[in-house]
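Have a look at the structure below before the remarks.
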Amino acid sequence: MLANIKYYNYYFKIRKICRYCYYDSIRIPFDVIDKFEKYSKMVRSLTRFSFNKNKDLIDISGLKELDSKNYHIDHIYSISDGFINNIEPKIIASIHNLRVISKNQNLKKGKNSEQSLSDLLDKYNNY
């Protein structure tokens, strides 16, 4: 029955929603939240490694280095879509799925993927 419950909290302000509302918003079923959190941590760890090793390919203009508070490393194919579609963390964290964009642009994009899975896999497999 928990899967049918919607969690609404009108007292939270922007970006301060309950844990269940957040995972519901990114389409992660409640019964796999722990698995998703482990997956997300792995992807983010691999992303840091991939970015640090390939800064010149991912951030050609050096925006992240110059202004890290206003620029984010974006996963073009989202972490949540990677989890839902059982994609290996190393593919989601690969240079073929990373870019540096403005903080506002990334927050506006949210959980949405801006490249298809087939495009990501083609880039990854043909590198």
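In the structure tokens, chains take letters A, B, ... by order of appearance, with residues numbered from 1 within each chain and ligands from 1 in the order shown.
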Query - Polymer residues at most 8 Å from segment 96-98 of chain A, only C-alpha atoms, same-chain spacing of 6 or more positions, as an MDAnalysis selection string - result: chainID A and resid 51 58 73:77 120 123:124
**Report entry** Backbone DSSP call of helix (DSSP H, G or I) for chain A, listed as a PyMOL selection string
**Finding:** chain A and resi 2-4+19-25+30-53+55-58+63-66+79-84+89-92+95-97+103-109+117-125
If you keep C-alpha atoms, can you produce a file of those selected residues as an mmCIF file, in the first residue's frame?
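This is the output file part.cif:
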```cif
data_model
loop_
_atom_site.group_PDB
_atom_site.id
_atom_site.type_symbol
_atom_site.label_atom_id
_atom_site.label_comp_id
_atom_site.auth_asym_id
_atom_site.auth_seq_id
_atom_site.Cartn_x
_atom_site.Cartn_y
_atom_site.Cartn_z
ATOM 1 C CA LEU A 2 2.878 2.423 0.570
ATOM 2 C CA ALA A 3 3.472 2.702 -3.165
ATOM 3 C CA ASN A 4 0.029 4.329 -3.571
ATOM 4 C CA ARG A 19 12.546 12.304 1.341
ATOM 5 C CA TYR A 20 9.586 10.406 -0.119
ATOM 6 C CA CYS A 21 8.417 13.364 -2.184
ATOM 7 C CA TYR A 22 11.892 13.771 -3.626
ATOM 8 C CA TYR A 23 12.227 10.122 -4.654
ATOM 9 C CA ASP A 24 8.678 10.101 -5.985
ATOM 10 C CA SER A 25 9.536 13.155 -8.125
ATOM 11 C CA PHE A 30 10.147 3.576 -2.260
ATOM 12 C CA ASP A 31 11.244 -0.035 -1.881
ATOM 13 C CA VAL A 32 14.517 0.572 -3.787
ATOM 14 C CA ILE A 33 15.557 3.920 -2.308
ATOM 15 C CA ASP A 34 18.556 2.358 -0.529
ATOM 16 C CA LYS A 35 19.739 0.728 -3.770
ATOM 17 C CA PHE A 36 19.323 4.021 -5.625
ATOM 18 C CA GLU A 37 21.315 5.911 -2.994
ATOM 19 C CA LYS A 38 24.202 3.430 -3.313
ATOM 20 C CA TYR A 39 24.023 3.675 -7.117
ATOM 21 C CA SER A 40 23.967 7.483 -7.000
ATOM 22 C CA LYS A 41 26.967 7.621 -4.642
ATOM 23 C CA MET A 42 28.916 5.315 -6.939
ATOM 24 C CA VAL A 43 28.053 7.412 -10.007
ATOM 25 C CA ARG A 44 29.021 10.648 -8.249
ATOM 26 C CA SER A 45 32.326 9.173 -7.072
ATOM 27 C CA LEU A 46 33.149 7.958 -10.581
ATOM 28 C CA THR A 47 32.047 11.330 -11.959
ATOM 29 C CA ARG A 48 34.563 13.177 -9.782
ATOM 30 C CA PHE A 49 37.311 10.855 -10.978
ATOM 31 C CA SER A 50 36.249 11.129 -14.622
ATOM 32 C CA PHE A 51 35.975 14.922 -14.450
ATOM 33 C CA ASN A 52 39.331 15.398 -12.711
ATOM 34 C CA LYS A 53 41.047 13.134 -15.227
ATOM 35 C CA LYS A 55 38.739 18.382 -17.347
ATOM 36 C CA ASP A 56 40.124 19.615 -20.648
ATOM 37 C CA LEU A 57 37.590 17.504 -22.602
ATOM 38 C CA ILE A 58 34.543 18.123 -20.412
ATOM 39 C CA LEU A 63 34.141 27.421 -16.209
ATOM 40 C CA LYS A 64 33.934 24.966 -13.315
ATOM 41 C CA GLU A 65 37.475 25.764 -12.227
ATOM 42 C CA LEU A 66 36.931 29.528 -12.423
ATOM 43 C CA ILE A 79 21.458 9.371 -12.802
ATOM 44 C CA SER A 80 17.854 8.422 -12.036
ATOM 45 C CA ASP A 81 17.239 7.288 -15.629
ATOM 46 C CA GLY A 82 20.480 5.313 -15.472
ATOM 47 C CA PHE A 83 19.290 3.567 -12.318
ATOM 48 C CA ILE A 84 15.797 2.891 -13.691
ATOM 49 C CA PRO A 89 27.531 3.603 -13.120
ATOM 50 C CA LYS A 90 30.748 3.918 -15.154
ATOM 51 C CA ILE A 91 28.694 4.710 -18.278
ATOM 52 C CA ILE A 92 26.616 7.381 -16.518
ATOM 53 C CA ILE A 95 33.016 11.754 -20.313
ATOM 54 C CA HIS A 96 30.361 11.057 -22.969
ATOM 55 C CA ASN A 97 27.656 11.910 -20.454
ATOM 56 C CA LYS A 103 23.880 26.171 -11.903
ATOM 57 C CA ASN A 104 20.552 27.735 -12.941
ATOM 58 C CA GLN A 105 20.399 25.743 -16.166
ATOM 59 C CA ASN A 106 21.130 22.503 -14.289
ATOM 60 C CA LEU A 107 18.531 23.175 -11.588
ATOM 61 C CA LYS A 108 15.971 24.016 -14.272
ATOM 62 C CA LYS A 109 16.805 20.782 -16.133
ATOM 63 C CA LEU A 117 20.133 6.196 -23.931
ATOM 64 C CA SER A 118 20.972 4.907 -27.406
ATOM 65 C CA ASP A 119 23.022 8.061 -28.146
ATOM 66 C CA LEU A 120 24.917 7.701 -24.866
ATOM 67 C CA LEU A 121 25.638 4.020 -25.470
ATOM 68 C CA ASP A 122 26.755 4.719 -29.063
ATOM 69 C CA LYS A 123 29.191 7.400 -27.847
ATOM 70 C CA TYR A 124 30.443 5.219 -25.011
ATOM 71 C CA ASN A 125 30.912 2.073 -27.121
#
```
Query - Selected residue, from A:Tyr127, A:Lys111, A:Asp59, A:Ser116, that lies nearest to Ser78 of chain A when counting only C-alpha atoms - result: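 Result for the nearest residue to Ser78 of chain A: A:Lys111.
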Report task. Within chain A, find each residue whose DSSP state, derived from the backbone, is strand (DSSP E), and express the selection as a ChimeraX atom specification. Result -> /A:71-75,98-102
Query - Nearest candidate to Gly62 of chain A (options A:Ser94, A:Asn126, A:Gly110, A:Ile101; using only C-alpha atoms) - result: A:Ile101
Requested in this report: Grab the atom CA of His72 of chain A to atom CA of Ser102 of chain A distance for me, in Å with one decimal place.
Outcome: 6.0 Å
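Computed from the coordinates, the atom CA of Arg27 of chain A to atom CA of Ser68 of chain A distance equals 28.7 Å.
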